[in-house]
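File shown: work.cif. Contents: mmCIF, C-alpha atoms and all ligand atoms.
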data_upload
#
loop_
_atom_site.label_atom_id
_atom_site.label_comp_id
_atom_site.auth_asym_id
_atom_site.auth_seq_id
_atom_site.Cartn_x
_atom_site.Cartn_y
_atom_site.Cartn_z
CA MET A 226 -21.94 2.76 29.92
CA ASN A 227 -25.10 1.25 28.37
CA ILE A 228 -24.65 -1.16 25.51
CA LEU A 229 -27.36 -2.39 23.18
CA VAL A 230 -26.88 -5.97 21.97
CA LEU A 231 -28.65 -6.93 18.75
CA ASN A 232 -29.15 -10.36 17.24
CA CYS A 233 -30.85 -9.82 13.88
CA GLY A 234 -32.36 -12.74 12.00
CA SER A 235 -34.11 -12.67 8.64
CA SER A 236 -37.46 -11.69 10.17
CA SER A 237 -36.60 -11.04 13.81
CA VAL A 238 -34.53 -8.80 16.06
CA LYS A 239 -33.58 -9.96 19.55
CA PHE A 240 -32.19 -7.27 21.82
CA GLN A 241 -30.80 -6.60 25.27
CA LEU A 242 -29.76 -3.32 26.83
CA LEU A 243 -27.09 -3.74 29.49
CA ASP A 244 -25.60 -1.27 31.92
CA MET A 245 -21.99 -2.38 31.63
CA THR A 246 -20.79 -0.39 34.61
CA GLU A 247 -22.37 -3.07 36.76
CA GLU A 248 -23.08 -5.67 34.05
CA ARG A 249 -26.78 -5.22 34.79
CA LEU A 250 -29.60 -6.09 32.40
CA LEU A 251 -31.87 -3.07 31.86
CA ALA A 252 -34.27 -4.50 29.27
CA LYS A 253 -34.57 -7.31 26.80
CA GLY A 254 -36.96 -8.45 24.14
CA LEU A 255 -37.75 -9.55 20.67
CA VAL A 256 -39.39 -8.27 17.50
CA GLU A 257 -40.76 -11.11 15.37
CA ARG A 258 -42.50 -11.37 11.99
CA ILE A 259 -40.77 -8.31 10.56
CA GLY A 260 -42.30 -7.44 7.19
CA ALA A 261 -45.13 -9.95 7.57
CA GLY A 262 -47.96 -7.46 8.13
CA GLN A 263 -48.45 -7.52 11.86
CA ALA A 264 -45.23 -7.90 13.81
CA ARG A 265 -45.04 -9.11 17.40
CA VAL A 266 -42.94 -7.26 19.97
CA LYS A 267 -42.05 -8.64 23.39
CA TYR A 268 -40.34 -6.35 25.86
CA LYS A 269 -39.24 -7.05 29.41
CA THR A 270 -37.63 -4.98 32.16
CA PRO A 271 -37.15 -5.69 35.87
CA ALA A 272 -40.35 -3.63 36.36
CA GLY A 273 -42.59 -5.64 34.05
CA LYS A 274 -43.26 -6.85 30.54
CA LEU A 275 -45.43 -6.03 27.57
CA THR A 276 -46.43 -7.54 24.24
CA ARG A 277 -47.56 -5.50 21.23
CA GLU A 278 -48.56 -6.26 17.67
CA PRO A 279 -47.77 -3.14 15.64
CA ASN A 280 -48.44 -2.85 11.90
CA GLU A 281 -45.72 -0.41 11.01
CA ILE A 282 -42.70 -2.73 11.33
CA THR A 283 -41.87 -3.37 7.70
CA ASN A 284 -38.11 -3.83 7.87
CA HIS A 285 -35.14 -4.03 10.25
CA THR A 286 -34.78 -0.25 10.44
CA THR A 287 -38.35 0.23 11.63
CA ALA A 288 -37.88 -2.70 14.02
CA VAL A 289 -34.76 -1.17 15.58
CA ALA A 290 -36.47 2.25 15.68
CA TYR A 291 -39.39 0.65 17.54
CA VAL A 292 -37.06 -0.99 20.05
CA LEU A 293 -35.21 2.29 20.66
CA GLU A 294 -38.51 4.07 21.19
CA LEU A 295 -39.52 1.49 23.83
CA LEU A 296 -36.16 1.83 25.57
CA THR A 297 -36.19 5.62 25.66
CA LYS A 298 -39.81 6.85 25.70
CA GLY A 299 -42.95 6.18 27.70
CA GLY A 300 -43.64 4.44 30.99
CA GLN A 301 -41.61 1.34 30.12
CA ALA A 302 -38.46 3.31 29.19
CA VAL A 303 -35.25 2.40 30.98
CA VAL A 304 -33.03 5.25 29.79
CA ASP A 305 -33.74 8.94 29.12
CA SER A 306 -32.61 9.33 25.53
CA LEU A 307 -30.72 7.77 22.66
CA ASP A 308 -27.60 9.52 23.96
CA ASP A 309 -27.67 7.07 26.87
CA ILE A 310 -26.83 4.21 24.52
CA ALA A 311 -23.07 4.36 24.16
CA ALA A 312 -22.47 1.53 21.69
CA VAL A 313 -24.10 -1.37 19.91
CA GLY A 314 -22.81 -4.95 19.74
CA HIS A 315 -24.06 -7.24 16.99
CA ARG A 316 -24.09 -10.97 16.85
CA VAL A 317 -22.73 -11.82 13.40
CA VAL A 318 -22.95 -15.45 12.37
CA HIS A 319 -20.09 -15.86 9.93
CA GLY A 320 -16.71 -14.22 9.98
CA GLY A 321 -15.10 -16.80 7.70
CA GLU A 322 -11.32 -16.93 8.01
CA ARG A 323 -11.13 -13.16 8.23
CA PHE A 324 -12.22 -12.67 11.82
CA ALA A 325 -10.70 -14.46 14.77
CA ASP A 326 -11.84 -11.75 17.20
CA SER A 327 -14.65 -9.30 17.73
CA THR A 328 -14.08 -6.05 15.89
CA LEU A 329 -15.26 -2.47 15.47
CA ILE A 330 -17.44 -2.21 12.36
CA THR A 331 -15.75 0.16 9.93
CA ASP A 332 -16.59 0.43 6.22
CA GLU A 333 -13.80 -2.05 5.53
CA VAL A 334 -15.08 -4.54 8.14
CA TYR A 335 -18.61 -4.15 6.77
CA GLY A 336 -17.29 -5.11 3.34
CA LYS A 337 -15.53 -8.16 4.76
CA ILE A 338 -18.74 -9.29 6.49
CA GLU A 339 -20.43 -8.91 3.09
CA ASP A 340 -17.68 -11.05 1.57
CA CYS A 341 -18.70 -13.84 3.99
CA ILE A 342 -22.33 -13.85 2.75
CA PRO A 343 -21.78 -16.89 0.48
CA LEU A 344 -20.83 -18.84 3.62
CA ALA A 345 -24.00 -17.79 5.53
CA PRO A 346 -26.49 -16.62 2.92
CA LEU A 347 -29.43 -16.45 5.32
CA HIS A 348 -27.70 -15.01 8.36
CA ASN A 349 -25.04 -12.46 7.43
CA PRO A 350 -27.38 -10.30 5.30
CA ALA A 351 -29.82 -10.07 8.22
CA ASN A 352 -26.99 -9.21 10.61
CA LEU A 353 -25.89 -6.42 8.25
CA LYS A 354 -29.45 -5.08 8.07
CA GLY A 355 -29.17 -4.56 11.82
CA VAL A 356 -25.93 -2.64 11.32
CA ASP A 357 -27.59 -0.49 8.63
CA ALA A 358 -30.54 0.22 10.90
CA VAL A 359 -28.29 1.43 13.72
CA THR A 360 -26.24 3.52 11.28
CA ASP A 361 -29.51 5.22 10.24
CA ILE A 362 -30.91 5.83 13.69
CA LEU A 363 -27.88 6.06 15.99
CA PRO A 364 -25.20 7.32 13.61
CA ARG A 365 -22.81 8.33 16.39
CA ALA A 366 -22.83 5.02 18.25
CA PRO A 367 -19.82 2.79 17.57
CA GLN A 368 -20.84 -0.69 16.44
CA VAL A 369 -19.01 -3.92 17.13
CA ALA A 370 -19.36 -7.31 15.42
CA VAL A 371 -19.04 -10.46 17.55
CA PHE A 372 -18.80 -13.55 15.36
CA ASP A 373 -20.18 -17.03 16.04
CA THR A 374 -17.25 -18.50 14.17
CA ALA A 375 -14.40 -16.42 15.67
CA PHE A 376 -13.60 -18.55 18.72
CA HIS A 377 -13.02 -21.60 16.54
CA GLN A 378 -10.45 -19.88 14.32
CA THR A 379 -7.73 -21.33 16.57
CA MET A 380 -8.48 -24.85 15.27
CA PRO A 381 -5.49 -26.47 13.61
CA GLU A 382 -5.66 -27.67 9.99
CA THR A 383 -5.91 -31.25 11.20
CA SER A 384 -9.32 -30.34 12.67
CA TYR A 385 -10.63 -27.96 10.04
CA LEU A 386 -9.64 -29.48 6.71
CA TYR A 387 -11.98 -31.97 5.08
CA ALA A 388 -10.57 -34.77 2.92
CA LEU A 389 -11.98 -33.20 -0.22
CA PRO A 390 -10.08 -32.11 -3.33
CA ARG A 391 -7.78 -29.25 -2.40
CA TRP A 392 -9.49 -26.88 -4.86
CA THR A 393 -12.73 -26.98 -2.83
CA TYR A 394 -10.88 -25.20 -0.04
CA GLU A 395 -8.86 -22.94 -2.31
CA ARG A 396 -11.79 -21.88 -4.48
CA TYR A 397 -14.66 -21.84 -1.99
CA ARG A 398 -12.99 -21.95 1.43
CA ILE A 399 -14.82 -25.18 2.22
CA ARG A 400 -13.55 -26.20 5.67
CA ARG A 401 -14.80 -26.60 9.21
CA TYR A 402 -15.68 -23.23 10.76
CA GLY A 403 -17.80 -24.16 13.76
CA PHE A 404 -20.53 -22.06 15.36
CA HIS A 405 -21.87 -21.14 18.84
CA GLY A 406 -18.34 -19.83 19.43
CA THR A 407 -19.44 -17.05 21.76
CA SER A 408 -21.20 -19.58 23.97
CA HIS A 409 -18.38 -22.16 23.96
CA ARG A 410 -15.89 -19.40 24.79
CA TYR A 411 -18.00 -18.06 27.65
CA VAL A 412 -18.81 -21.36 29.36
CA ALA A 413 -15.27 -22.71 28.96
CA ALA A 414 -13.76 -19.61 30.57
CA ARG A 415 -16.39 -19.54 33.28
CA CYS A 416 -15.96 -23.21 34.16
CA ALA A 417 -12.16 -22.90 34.35
CA GLU A 418 -12.51 -19.80 36.54
CA LYS A 419 -15.08 -21.33 38.88
CA MET A 420 -13.09 -24.57 39.19
CA GLY A 421 -9.95 -22.57 39.94
CA LEU A 422 -8.09 -24.08 36.97
CA PRO A 423 -5.49 -21.69 35.58
CA VAL A 424 -5.70 -21.37 31.79
CA ASN A 425 -2.33 -22.06 30.19
CA LYS A 426 -2.23 -21.92 26.41
CA ASP A 427 1.32 -23.31 26.11
CA GLU A 428 0.61 -26.30 28.29
CA GLY A 429 -2.84 -26.76 26.76
CA THR A 430 -4.60 -26.80 30.10
CA PRO A 431 -7.29 -27.16 31.21
CA LYS A 432 -8.79 -29.65 28.74
CA LEU A 433 -12.52 -29.07 28.51
CA VAL A 434 -15.36 -30.33 26.35
CA THR A 435 -18.20 -27.83 26.12
CA CYS A 436 -21.64 -29.05 25.03
CA HIS A 437 -24.00 -26.33 23.78
CA LEU A 438 -27.30 -28.19 23.52
CA GLY A 439 -30.04 -25.88 22.31
CA ASN A 440 -32.27 -26.27 19.30
CA GLY A 441 -29.05 -26.19 17.36
CA ALA A 442 -26.33 -28.09 19.20
CA SER A 443 -22.57 -28.42 19.08
CA VAL A 444 -19.63 -29.71 21.09
CA ALA A 445 -16.21 -28.08 21.30
CA ALA A 446 -12.81 -29.26 22.50
CA VAL A 447 -11.27 -26.35 24.38
CA MET A 448 -7.64 -26.69 25.38
CA GLY A 449 -5.67 -23.97 27.15
CA GLY A 450 -8.56 -21.59 26.50
CA GLU A 451 -8.58 -22.22 22.74
CA SER A 452 -10.97 -24.17 20.56
CA VAL A 453 -9.09 -27.06 18.95
CA ASP A 454 -12.07 -28.85 17.42
CA THR A 455 -15.82 -28.55 17.19
CA SER A 456 -18.66 -30.63 15.84
CA MET A 457 -20.36 -28.12 13.55
CA GLY A 458 -18.54 -27.72 10.29
CA PHE A 459 -18.79 -25.76 7.06
CA THR A 460 -22.40 -25.12 8.07
CA PRO A 461 -24.31 -25.69 11.33
CA LEU A 462 -25.61 -29.01 9.96
CA GLU A 463 -22.72 -31.27 10.94
CA GLY A 464 -22.24 -33.03 14.27
CA LEU A 465 -24.87 -33.69 16.89
CA VAL A 466 -28.49 -34.73 16.48
CA MET A 467 -30.47 -31.47 16.74
CA GLY A 468 -34.10 -30.38 16.88
CA SER A 469 -34.59 -30.65 13.13
CA ARG A 470 -31.04 -31.14 11.77
CA CYS A 471 -29.53 -34.55 11.18
CA GLY A 472 -25.94 -33.87 12.23
CA ASP A 473 -23.41 -36.46 11.07
CA ILE A 474 -24.56 -38.82 8.35
CA ASP A 475 -22.89 -40.70 5.53
CA PRO A 476 -22.48 -37.96 2.88
CA ALA A 477 -23.65 -40.44 0.21
CA ILE A 478 -27.17 -40.50 1.69
CA PRO A 479 -28.34 -37.17 0.18
CA LEU A 480 -27.13 -38.29 -3.25
CA PHE A 481 -28.92 -41.61 -2.89
CA LEU A 482 -32.17 -39.89 -1.88
CA GLN A 483 -31.81 -37.31 -4.61
CA ASN A 484 -31.80 -40.10 -7.18
CA LYS A 485 -34.45 -42.32 -5.63
CA GLU A 486 -36.91 -39.56 -4.72
CA ASN A 487 -36.11 -37.19 -7.55
CA LEU A 488 -35.35 -34.37 -5.13
CA ASP A 489 -33.79 -31.08 -6.12
CA ALA A 490 -31.10 -29.36 -4.06
CA LYS A 491 -33.62 -27.25 -2.14
CA GLU A 492 -35.62 -30.30 -1.15
CA VAL A 493 -32.53 -32.15 0.04
CA ASP A 494 -31.52 -29.10 2.03
CA ALA A 495 -34.97 -28.98 3.68
CA LEU A 496 -34.84 -32.72 4.42
CA LEU A 497 -31.48 -32.49 6.19
CA ASN A 498 -31.96 -29.13 7.94
CA ARG A 499 -35.66 -29.01 8.76
CA GLN A 500 -37.13 -32.50 8.60
CA SER A 501 -34.42 -34.51 10.35
CA GLY A 502 -32.96 -34.70 13.87
CA VAL A 503 -35.46 -35.18 16.69
CA ARG A 504 -38.26 -34.15 14.33
CA GLY A 505 -37.22 -36.70 11.71
CA LEU A 506 -36.72 -39.53 14.19
CA SER A 507 -40.22 -38.89 15.57
CA ASP A 508 -41.84 -38.80 12.11
CA GLY A 509 -42.49 -35.09 12.47
CA LYS A 510 -44.29 -35.31 15.81
CA TYR A 511 -41.79 -33.59 18.10
CA ILE A 512 -39.00 -31.06 17.86
CA ASP A 513 -38.88 -29.90 21.47
CA MET A 514 -36.72 -31.97 23.80
CA ARG A 515 -39.23 -31.47 26.62
CA ASP A 516 -41.79 -33.53 24.69
CA ILE A 517 -39.25 -36.29 24.19
CA GLU A 518 -38.27 -36.23 27.85
CA ASP A 519 -41.85 -36.39 29.15
CA ARG A 520 -42.54 -39.45 27.01
CA TYR A 521 -39.18 -41.00 27.86
CA PHE A 522 -40.34 -41.13 31.48
CA GLU A 523 -43.61 -42.73 30.36
CA ASN A 524 -41.48 -45.41 28.64
CA ASP A 525 -42.71 -44.48 25.19
CA PRO A 526 -40.33 -46.67 23.11
CA GLU A 527 -40.00 -44.11 20.31
CA CYS A 528 -38.95 -41.32 22.68
CA VAL A 529 -36.65 -43.64 24.65
CA ARG A 530 -34.92 -44.44 21.36
CA ILE A 531 -34.69 -40.79 20.31
CA LEU A 532 -33.18 -39.63 23.60
CA GLN A 533 -30.70 -42.50 23.53
CA ILE A 534 -29.62 -41.68 19.97
CA TYR A 535 -29.36 -37.97 20.87
CA CYS A 536 -27.18 -38.62 23.91
CA TYR A 537 -25.09 -41.39 22.35
CA ARG A 538 -23.90 -38.94 19.71
CA ILE A 539 -22.80 -36.47 22.40
CA THR A 540 -21.01 -39.22 24.35
CA LYS A 541 -19.09 -40.21 21.21
CA TYR A 542 -17.94 -36.64 20.66
CA ILE A 543 -16.82 -36.25 24.27
CA GLY A 544 -14.79 -39.46 23.97
CA ALA A 545 -13.31 -38.38 20.65
CA TYR A 546 -12.32 -34.98 21.98
CA ALA A 547 -10.81 -36.44 25.15
CA ALA A 548 -8.61 -38.54 22.85
CA ALA A 549 -7.88 -35.54 20.59
CA MET A 550 -6.75 -33.46 23.59
CA GLY A 551 -4.96 -36.32 25.34
CA GLY A 552 -7.04 -35.85 28.48
CA LEU A 553 -10.15 -34.36 29.93
CA ASP A 554 -10.57 -32.19 33.03
CA ALA A 555 -14.22 -31.25 32.69
CA VAL A 556 -17.32 -31.48 30.56
CA VAL A 557 -19.58 -28.42 30.52
CA PHE A 558 -23.28 -28.52 29.67
CA THR A 559 -25.07 -25.38 28.54
CA ALA A 560 -28.10 -23.98 26.58
CA GLY A 561 -31.72 -25.15 26.72
CA VAL A 562 -31.17 -28.90 26.96
CA GLY A 563 -27.72 -28.78 28.56
CA GLU A 564 -28.89 -26.54 31.41
CA ASN A 565 -32.33 -28.04 31.93
CA SER A 566 -32.24 -31.75 31.24
CA PRO A 567 -30.82 -33.96 34.01
CA ILE A 568 -31.75 -37.08 32.05
CA ALA A 569 -29.85 -35.95 28.93
CA ARG A 570 -26.78 -35.32 31.12
CA THR A 571 -27.17 -38.67 32.83
CA LEU A 572 -27.52 -40.66 29.60
CA THR A 573 -24.59 -38.79 28.04
CA CYS A 574 -22.26 -39.17 31.02
CA LYS A 575 -23.03 -42.71 32.26
CA PRO A 576 -20.96 -44.43 29.54
CA LEU A 577 -17.98 -42.23 30.52
CA ALA A 578 -17.62 -43.94 33.90
CA PHE A 579 -14.50 -45.63 32.50
CA LEU A 580 -12.82 -42.20 32.66
CA GLY A 581 -13.58 -42.09 36.37
CA LEU A 582 -16.53 -39.77 35.76
CA GLU A 583 -19.04 -40.08 38.58
CA LEU A 584 -22.25 -38.07 38.50
CA ASP A 585 -23.73 -36.88 41.77
CA GLU A 586 -27.37 -37.64 41.10
CA SER A 587 -28.66 -35.33 43.80
CA LEU A 588 -26.72 -32.40 42.32
CA ASN A 589 -27.63 -33.38 38.77
CA THR A 590 -31.32 -33.89 39.43
CA ASP A 591 -32.25 -31.87 42.49
CA LYS A 592 -29.93 -28.86 42.25
CA ALA A 593 -29.58 -28.50 38.49
CA HIS A 594 -33.29 -28.99 37.83
CA PRO A 595 -35.13 -27.27 34.96
CA GLY A 596 -35.35 -23.54 35.39
CA SER A 597 -33.09 -23.50 38.46
CA GLY A 598 -30.41 -21.41 36.80
CA TYR A 599 -27.92 -23.62 38.65
CA GLU A 600 -24.26 -23.05 37.93
CA GLY A 601 -21.88 -25.60 39.37
CA PRO A 602 -20.69 -29.18 39.35
CA VAL A 603 -22.98 -32.19 38.99
CA THR A 604 -20.26 -34.75 39.77
CA THR A 605 -18.91 -36.05 43.08
CA PRO A 606 -15.80 -34.38 44.53
CA ASP A 607 -13.77 -37.52 43.67
CA SER A 608 -14.96 -37.80 40.09
CA GLY A 609 -12.06 -38.34 37.68
CA VAL A 610 -13.63 -35.86 35.26
CA ALA A 611 -15.76 -32.99 36.52
CA VAL A 612 -19.10 -32.25 34.87
CA TRP A 613 -20.45 -28.72 35.20
CA VAL A 614 -23.62 -26.94 34.27
CA VAL A 615 -22.95 -23.34 33.23
CA PRO A 616 -25.83 -21.20 31.96
CA THR A 617 -24.66 -19.53 28.78
CA ASN A 618 -24.80 -15.76 28.31
CA GLU A 619 -23.89 -14.81 24.78
CA GLU A 620 -25.34 -11.30 25.12
CA LEU A 621 -23.06 -10.54 28.07
CA VAL A 622 -20.02 -11.63 26.05
CA ILE A 623 -21.12 -9.43 23.14
CA ALA A 624 -21.59 -6.49 25.51
CA ARG A 625 -18.22 -7.10 27.18
CA ASP A 626 -16.41 -7.28 23.85
CA THR A 627 -18.20 -4.14 22.70
CA ARG A 628 -17.22 -2.30 25.87
CA ALA A 629 -13.60 -3.44 25.61
CA ILE A 630 -13.30 -2.44 21.94
CA CYS A 631 -15.03 0.91 22.42
CA ALA A 632 -12.93 1.72 25.47
CA GLY A 633 -9.99 1.35 23.11
P1 LIG B 701 -31.95 -21.97 20.75
O1 LIG B 701 -31.35 -20.70 21.32
O2 LIG B 701 -31.03 -22.77 19.89
O3 LIG B 701 -33.32 -21.83 20.18
P2 LIG B 701 -32.21 -22.89 23.50
O4 LIG B 701 -30.86 -22.84 24.09
O5 LIG B 701 -33.23 -21.92 23.97
O6 LIG B 701 -32.13 -22.96 21.94
O7 LIG B 701 -32.77 -24.37 23.74
C1 LIG B 701 -33.95 -24.82 23.17
C2 LIG B 701 -34.09 -26.29 23.48
O8 LIG B 701 -33.97 -26.49 24.89
C3 LIG B 701 -35.43 -26.86 23.06
O9 LIG B 701 -35.27 -28.09 22.38
C4 LIG B 701 -36.10 -27.08 24.40
O10 LIG B 701 -36.96 -28.14 24.37
C5 LIG B 701 -34.93 -27.42 25.29
N1 LIG B 701 -35.33 -27.31 26.69
C6 LIG B 701 -35.69 -26.22 27.37
N2 LIG B 701 -36.07 -26.56 28.64
C7 LIG B 701 -35.91 -27.90 28.74
C8 LIG B 701 -36.13 -28.87 29.77
N3 LIG B 701 -36.62 -28.51 30.95
N4 LIG B 701 -35.85 -30.15 29.50
C9 LIG B 701 -35.40 -30.52 28.31
N5 LIG B 701 -35.19 -29.67 27.30
C10 LIG B 701 -35.43 -28.38 27.50
#
Would you write out, as structure tokens, the structure that this file holds?
Amino acid sequence: MNILVLNCGSSSVKFQLLDMTEERLLAKGLVERIGAGQARVKYKTPAGKLTREPNEITNHTTAVAYVLELLTKGGQAVVDSLDDIAAVGHRVVHGGERFADSTLITDEVYGKIEDCIPLAPLHNPANLKGVDAVTDILPRAPQVAVFDTAFHQTMPETSYLYALPRWTYERYRIRRYGFHGTSHRYVAARCAEKMGLPVNKDEGTPKLVTCHLGNGASVAAVMGGESVDTSMGFTPLEGLVMGSRCGDIDPAIPLFLQNKENLDAKEVDALLNRQSGVRGLSDGKYIDMRDIEDRYFENDPECVRILQIYCYRITKYIGAYAAAMGGLDAVVFTAGVGENSPIARTLTCKPLAFLGLELDESLNTDKAHPGSGYEGPVTTPDSGVAVWVVPTNEELVIARDTRAICAG
């Protein structure tokens, strides 16, 4: 059974085609700059890769049609026809309070995803364009929505309610939702399985903190297989220091700046979401953690400071979540920085030695080096808290959920 996984952004479509009989990747790629004149298409199979810059990709439907053509026709095809694509799984960013699980997209579900647009005005409309495109081109294929927010729907009120007037929740559903749920769910389950820790919801074991450190970054407290807290909130702005997002700040700061600098709401939004984080701390010079790391090792004081601030925030969250869960069995690092940055793991974990956490520097640096794809522990066998690196695989989770739902 071949499943197409789509992750549709406002001007891009990322895709993977997986043979789910063996959980094997057949092809993957990306269409960028949709509707911007000349699009860029990257396509990769085990046999090779290609890049093209077609003119005819004006919207998501033509983008999906282009992808399906690559997958089914010509020398780079990996299946014979559209009939070989049994189902499509979509990454959908926001499921609000309506979706705690992945679900088959019916007309009713489509409407409910539309209802969540006010909560994710940039993302959900793009995700739905992907659904529309598949409905046009592959009308017989069942489609499944896998939500970024769903895994965190198990959070208790104590975690998700903000201390704002009650009407803000009742009128606008302002609360913590959390994101990267598919990734937190995958790495938490994988770590528990690989460590041989049985997952027991009633006993709340194991107690894990998962750190998804990509361009966007979040931490989750996962207890007995369920998310009980997470650092991203009503939007993906809260929590950790990110590439260009500030994460936690005093909420009075935007108001102060608005007054002093005469900024309108859009400008404040850009300041917090696009001009802050690593980019802001470096005065706009860097956004990529690799640049910070390289200069950290050259003792550039600015980059030393930035990496320390970045990691300190993660350490604080791990400590807070250990307290929230009343214990900690393991910390899991994943995504671009989490998987590839030994120094970020070291700086984050060193202050946690009081928990008995003991990094194994040869595992952390030599085994789990950038690009190694290492999956395993980076602590000593006697460490009081285990630290694991687990490469995330959100597309596989989407394909598995799609298979399970379509198999009925
Ligand atoms: P996203 O999917 O959110 O765009 P990724 O999970 O691909 O993010 O992670 C992107 C981040 O990972 C970038 O900040 C990048 O610099 C960082 N990254 C990738 N490789 C390394 C590395 N070797 N060392 C440090 N950071 C890295």
Discussion item. To one decimal place in Å, what is the distance between atom CA of A:Val317 and atom CA of A:Ile623?
Written reply: 10.2 Å
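Pairwise distance (atom CA of A:Gly355, atom CA of A:Arg400) equals 27.4 Å.
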Within 7 Å of ligand LIG 701 (chain B), counting all atoms listed in the file, residues as a PDB file with C-alpha atoms, in the coordinates of the input:
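Okay, part-v5.pdb is ready:
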ATOM      1  CA  LEU A 438     -27.300 -28.190  23.520  1.00  0.00           C
ATOM      2  CA  GLY A 439     -30.040 -25.880  22.310  1.00  0.00           C
ATOM      3  CA  ASN A 440     -32.270 -26.270  19.300  1.00  0.00           C
ATOM      4  CA  GLY A 441     -29.050 -26.190  17.360  1.00  0.00           C
ATOM      5  CA  GLY A 468     -34.100 -30.380  16.880  1.00  0.00           C
ATOM      6  CA  ILE A 512     -39.000 -31.060  17.860  1.00  0.00           C
ATOM      7  CA  ASP A 513     -38.880 -29.900  21.470  1.00  0.00           C
ATOM      8  CA  MET A 514     -36.720 -31.970  23.800  1.00  0.00           C
ATOM      9  CA  ARG A 515     -39.230 -31.470  26.620  1.00  0.00           C
ATOM     10  CA  GLU A 518     -38.270 -36.230  27.850  1.00  0.00           C
ATOM     11  CA  ALA A 560     -28.100 -23.980  26.580  1.00  0.00           C
ATOM     12  CA  GLY A 561     -31.720 -25.150  26.720  1.00  0.00           C
ATOM     13  CA  VAL A 562     -31.170 -28.900  26.960  1.00  0.00           C
ATOM     14  CA  ASN A 565     -32.330 -28.040  31.930  1.00  0.00           C
ATOM     15  CA  SER A 566     -32.240 -31.750  31.240  1.00  0.00           C
ATOM     16  CA  PRO A 595     -35.130 -27.270  34.960  1.00  0.00           C
ATOM     17  CA  GLY A 596     -35.350 -23.540  35.390  1.00  0.00           C
TER      18      GLY A 596
END
Worksheet item: Restricting the calculation to only C-alpha atoms, which member of A:Glu492, A:Ala290, A:Glu564, A:Ala611 is positioned closest to A:Leu422?
Response: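 Using only C-alpha atoms, the shortest distance to A:Leu422 belongs to A:Ala611.
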Discussion item. Can you measure atom CA of A:Ser597 to atom CA of A:Gly563 for me? One decimal in Å is fine.
Written reply: 12.4 Å
Worksheet entry | Which residue of A:Asp305, A:Glu257, A:Glu523, A:Glu395 approaches A:Asn284 most closely, using all atoms listed in the file |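 For A:Asn284, the nearest of the given residues is A:Glu257.
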Item to complete: Go through A:Val256, A:Cys536, A:Val289, A:Ala388 one by one, measure the shortest atom-to-atom distance of each to A:Asp361 using only C-alpha atoms, and give the residue with the smallest value.
Response: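 That would be A:Val289, the residue with the smallest distance to A:Asp361.
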Worksheet item: Which residue gives the smallest distance to A:Met550 among A:Thr590, A:Thr605, A:Ser384, A:Thr617, with all atoms listed in the file counted?
Response: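 Among the listed residues, A:Ser384 lies closest to A:Met550.
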Item to complete: Go through A:Glu600, A:Arg628, A:Met380, A:Tyr335 one by one, measure the shortest atom-to-atom distance of each to A:Ile310 using only C-alpha atoms, and give the residue with the smallest value.
Response: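 Between A:Glu600, A:Arg628, A:Met380, A:Tyr335, the residue approaching A:Ile310 most closely is A:Arg628.
The shortest atom-to-atom distance to A:Phe404, with only C-alpha atoms taken into account, belongs to A:Gly464 out of A:Gly464, A:Tyr387, A:Lys541, A:Lys354.
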Discussion item. Can you tell me which residues surround A:Cys631 at a distance of at most 9 Å, considering all atoms listed in the file, apart from same-chain residues fewer than 2 positions away, and format the answer as a list in words?
Written reply: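 Answer for this query is Ala311, Ala312, Leu329, Pro367, Gln368, Val369, Asp626, Thr627, Arg628, Ala629 and Gly633 of chain A.
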Practice prompt. Could you give me, as a ChimeraX atom specification, the residues that have an atom at most 9 Å away from the point (-17.1, -17.6, 16.7) in the coordinates of the file, using only C-alpha atoms?
Written response: /A:317-320,324-327,371-378,402-410
Go ahead and dump the residues you just picked, C-alpha atoms, as a tab-separated table (two decimals), keeping the file's coordinate frame.
chain	number	residue	atom	x	y	z
A	317	VAL	CA	-22.73	-11.82	13.40
A	318	VAL	CA	-22.95	-15.45	12.37
A	319	HIS	CA	-20.09	-15.86	9.93
A	320	GLY	CA	-16.71	-14.22	9.98
A	324	PHE	CA	-12.22	-12.67	11.82
A	325	ALA	CA	-10.70	-14.46	14.77
A	326	ASP	CA	-11.84	-11.75	17.20
A	327	SER	CA	-14.65	-9.30	17.73
A	371	VAL	CA	-19.04	-10.46	17.55
A	372	PHE	CA	-18.80	-13.55	15.36
A	373	ASP	CA	-20.18	-17.03	16.04
A	374	THR	CA	-17.25	-18.50	14.17
A	375	ALA	CA	-14.40	-16.42	15.67
A	376	PHE	CA	-13.60	-18.55	18.72
A	377	HIS	CA	-13.02	-21.60	16.54
A	378	GLN	CA	-10.45	-19.88	14.32
A	402	TYR	CA	-15.68	-23.23	10.76
A	403	GLY	CA	-17.80	-24.16	13.76
A	404	PHE	CA	-20.53	-22.06	15.36
A	405	HIS	CA	-21.87	-21.14	18.84
A	406	GLY	CA	-18.34	-19.83	19.43
A	407	THR	CA	-19.44	-17.05	21.76
A	408	SER	CA	-21.20	-19.58	23.97
A	409	HIS	CA	-18.38	-22.16	23.96
A	410	ARG	CA	-15.89	-19.40	24.79
Discussion item. Applying 7 Å and all atoms listed in the file, which residues near A:Met226 remain after dropping the ones on its own chain fewer than 3 positions away? List them as a PyMOL selection string.
Written reply: chain A and resi 244-246+311
Give the padded box for stretch 308-321 of chain A as AutoDock Vina command-line options: axis-aligned, covering all atoms listed in the file, 5 Å on each side, centre and edge lengths in Å to one decimal.
--center_x -21.4 --center_y -3.6 --center_z 17.3 --size_x 22.6 --size_y 36.3 --size_z 29.2
